Amino acid sequence: MSETMKKIYFYLSCFLVLFIFIPQAHSQVPHLSFYEMPSSNGYSSVHYSFHESDRKTAAFYPHIYRKWNANTPDTPNLLYDAYFGIRAAEALWFSSIVEDEISYENGTGIIVVERTIPSGTENISVKSYIFSPFELETSGYVMLLEIQGPAPPLVAFSLHNFHVGGGEFRIENETLSINGTGMLEAGASGGVYYRTFGSADGYSVGSGSQSPYQIMLDGSDFDDSESQFEGDDQALGYQFNLPAGVASGESVWLGVVIGAGESSQDISTIAQIVNAYVEGETPQGILQKERDNWTNYQNSAQLPANIDEEEEKLLRQGLAVLRFAQVREPNTEDGSPFGQILAALPKARPAEGEGIWNMAWVRDGSYGIAALAQVGLLEEARHGLEFMLNAQSGEYEHAVGYPYHISICRYYGSGREETDSNQNGPNIEYDDFGLFLWALTTTVLAEPNNDWWKQYWPIIRDLTADVLVKLTERSTFLIAPDSSIWERHWNGNEKHFTYTSIMAVKGLCGASLLAAMMDEPEKEEEYLKTAAEIIRGIEVNLLDSNNILAGSLEELETDSGYIDLAVVEAFNFGLFDPDGVVTQSTLNHFNDYFFDGVENGHGGYFRNDDGDWYDYQEWSFIDLRVSIALGLAGMETRRDALLNWVLEQSAANNYLMGELYCRGDINCEQRGDYKGSIPMVGFGPGAYILALKARNGQGPTELCTEAAEYDPGLEDPDTTDGGIETDIEQDSGQSITPGGSGCSCSHFSGSENTNYLVFIFIFCAVFFIRRRQLNPDF
């Protein structure tokens, strides 16, 4: 081989090695990857699953929150499955027929499933409607069937398989009995009430070979005449005869309304509510009432200006999801669940070990509340705030060091404060105080003449804003170490997180306005002074030598993994000049090292450089918050591409917004697959609403104060006992660890790649120098 060819071979080899190890921009195409659709009325949720093995209503949760309190089990999925069927030329349950189309009636909770049923030479077109109705003031859902003409003579069926019995799978000793105009099912795990529109032509109860499912397929009719049935794993079926078929241009409607609860003692009350809801109504009438309810809700919202048709669809469905996730169960002497906004809804088919976030985090709720207030849904925003103001909190005073009221993490369904613990202790999150004050002030300023909040002023002032003042260290002018937004727990893992201090500034600015409205000038001045000091503390302590804003003081001091995209809120809330060196340097660093995709095309950001699987997935919430900063900083092309990517991904998934877009190849069939909790709420539609509002010229919020002109440096008092005691149960698998959310996608971060690249370059350089020493002509 000639020397020239050797050189070419060498350089080509180095190029190929580098090509393999340099992270390539992943091909990213918006696509469907979440095969479920939830509907909720704030009491319960029903879930249609179109996973390949399902194609049916596959879950019903009688509460939308995960659990009532520390001593109760998680809210169970009471439904095994439910669907319709038709027997014409052949007998077919709909779960065996692939859907033609699945969608929401946009901006509602009405799920529409269209199918074509083969029937000899004349196929039958049908639509199923599944929804949890806001016109129903209890836990329940509706399933309707529209059979469109022309259709031959046929028999329609419905199948309902709830598990409310005893034993591990809740199928033992179930009892079904005729109850007035409906059917009542009861067992150790709860009760169900079924009510058809008018009278069905038959019913059947059984299991196994005598189940309604098998009887229908065998060609027999549902002709049970007994009034009570007892046994294990009982299913109920209804039969509806259409001997004349359906004329061309006409439709025949039928349906069932189901109410269900975890207590069989409560089912009689639920039955009364269901009967009142159904009485005198037709399937079409019930559907129209639900449509009208949603129209009234959507007409109350003031959407951002300058949006296109697709953006409006995502905004409308996002508002529906925000409504899905706000609990409407009334407060009682046992608890105060009303008004809480969950971070996500439960799933029909959660992956093993996957964290499902149907819990009321202060943080997620605050983004959702701020969004509701900005679109004029002020009643819903107030309900979310009053839930936190009326909640049972303050259980971690020994960790915080001062009495406080807003939860340091999240809430149980009952309204009691909750935090999650693992081997590193609990999460103690001081950013929640600032987040709550921001959401509160946003809501108050949207309707400044409404004094609803003033009755809570002692809680707002003494147990929230004053706590932030006390937590501001004199030595650093930063908020004391906490677990913060990414929940790093305690016992040495707490840090001076930048995000917490940013939210404290935003919250205290809001509190100063509220103090002025309460005519308390001393408090107004105190909050402004503390906010100014925290801004100074951020400037003094949290910038690296390249003017990049770090994620925490401790990581910056040790020069280890200190980039965290949560600090983008400093730019969104006006702590730094959008055109200034800190904003520009930090955003450019985000783009260079944390963006995974095609520049000005599809792709987004992972959240930080801490290193676990969860951190290294793309976060749609981070994409949306970064989009605001990019627009303020004059990077509109990047902003628009980012917003478009999130929009197209959401549109491909029935306008539901995911927590994570998977990065890498292992266990991820395609880059961008939805992972984590779906649909997200405050971190989904809430963040999207705020992003589009900002795009429309809402500049950075004008800061209430400039940075203090003096530096920190005084000694801080010790205000905590240093210990953590908690009766809150361990996470038991709910915290996501690498691979723990059902996707063990490999990640290939910029920091990891650097090690590979350094090795490769050194290897090539040494090899090249050695070759030159041996052969100067090389």
# chains A, B, ... in the order shown; residues from 1 in each chain; ligands from 1
>>> residues_around(residues="Leu642 of chain A", least_positions_apart="4", cutoff="8 Å", atoms="only C-alpha atoms", output="ChimeraX atom specification")
/A:600-604,623-624,627,638,646
>>> closest_atom_pairs(of="segment 29-128 of chain A", to="segment 664-682 of chain A", cutoff="12 Å", atoms="only C-alpha atoms", output="JSON lines")
{"residue": "A:Val29", "atom": "CA", "partner": "A:Gly672", "partner_atom": "CA", "distance": 7.6}
{"residue": "A:Pro30", "atom": "CA", "partner": "A:Gly672", "partner_atom": "CA", "distance": 7.3}
{"residue": "A:His31", "atom": "CA", "partner": "A:Asp673", "partner_atom": "CA", "distance": 7.7}
{"residue": "A:Leu32", "atom": "CA", "partner": "A:Asp673", "partner_atom": "CA", "distance": 7.8}
{"residue": "A:Ser33", "atom": "CA", "partner": "A:Asp673", "partner_atom": "CA", "distance": 5.5}
{"residue": "A:Phe34", "atom": "CA", "partner": "A:Tyr674", "partner_atom": "CA", "distance": 6.3}
{"residue": "A:Tyr35", "atom": "CA", "partner": "A:Tyr674", "partner_atom": "CA", "distance": 10.0}
{"residue": "A:Glu36", "atom": "CA", "partner": "A:Ile678", "partner_atom": "CA", "distance": 9.0}
{"residue": "A:Met37", "atom": "CA", "partner": "A:Pro679", "partner_atom": "CA", "distance": 8.9}
{"residue": "A:Pro38", "atom": "CA", "partner": "A:Pro679", "partner_atom": "CA", "distance": 8.5}
{"residue": "A:Ser39", "atom": "CA", "partner": "A:Pro679", "partner_atom": "CA", "distance": 10.9}
{"residue": "A:Ser40", "atom": "CA", "partner": "A:Pro679", "partner_atom": "CA", "distance": 12.0}
{"residue": "A:His47", "atom": "CA", "partner": "A:Pro679", "partner_atom": "CA", "distance": 11.8}
>>> write_last_selection(atoms="C-alpha atoms", output="JSON list (two decimals), in the first residue's frame")
[["chain", "number", "residue", "atom", "x", "y", "z"],
["A", 29, "VAL", "CA", -40.53, 13.03, 13.55],
["A", 30, "PRO", "CA", -43.70, 13.86, 15.47],
["A", 31, "HIS", "CA", -45.55, 10.59, 15.93],
["A", 32, "LEU", "CA", -48.14, 8.71, 17.97],
["A", 33, "SER", "CA", -46.68, 6.87, 20.95],
["A", 34, "PHE", "CA", -49.34, 7.18, 23.68],
["A", 35, "TYR", "CA", -52.21, 4.78, 23.10],
["A", 36, "GLU", "CA", -54.68, 5.96, 25.70],
["A", 37, "MET", "CA", -57.28, 8.71, 26.07],
["A", 38, "PRO", "CA", -58.61, 9.76, 29.49],
["A", 39, "SER", "CA", -61.81, 11.60, 30.35],
["A", 40, "SER", "CA", -62.52, 13.01, 33.80],
["A", 47, "HIS", "CA", -59.71, 5.62, 30.07]]
>>> residues_around(residues="segment 217-227 of chain A", least_positions_apart="4", cutoff="9 Å", atoms="only C-alpha atoms", output="ChimeraX atom specification")
/A:87,90-93,176-179,201-205,212-213,237-239
>>> residues_around(residues="Glu447 of chain A", least_positions_apart="5", cutoff="10 Å", atoms="only C-alpha atoms", output="list of chain:residue names")
A:Ala373, A:Gly376, A:Leu378, A:Thr442
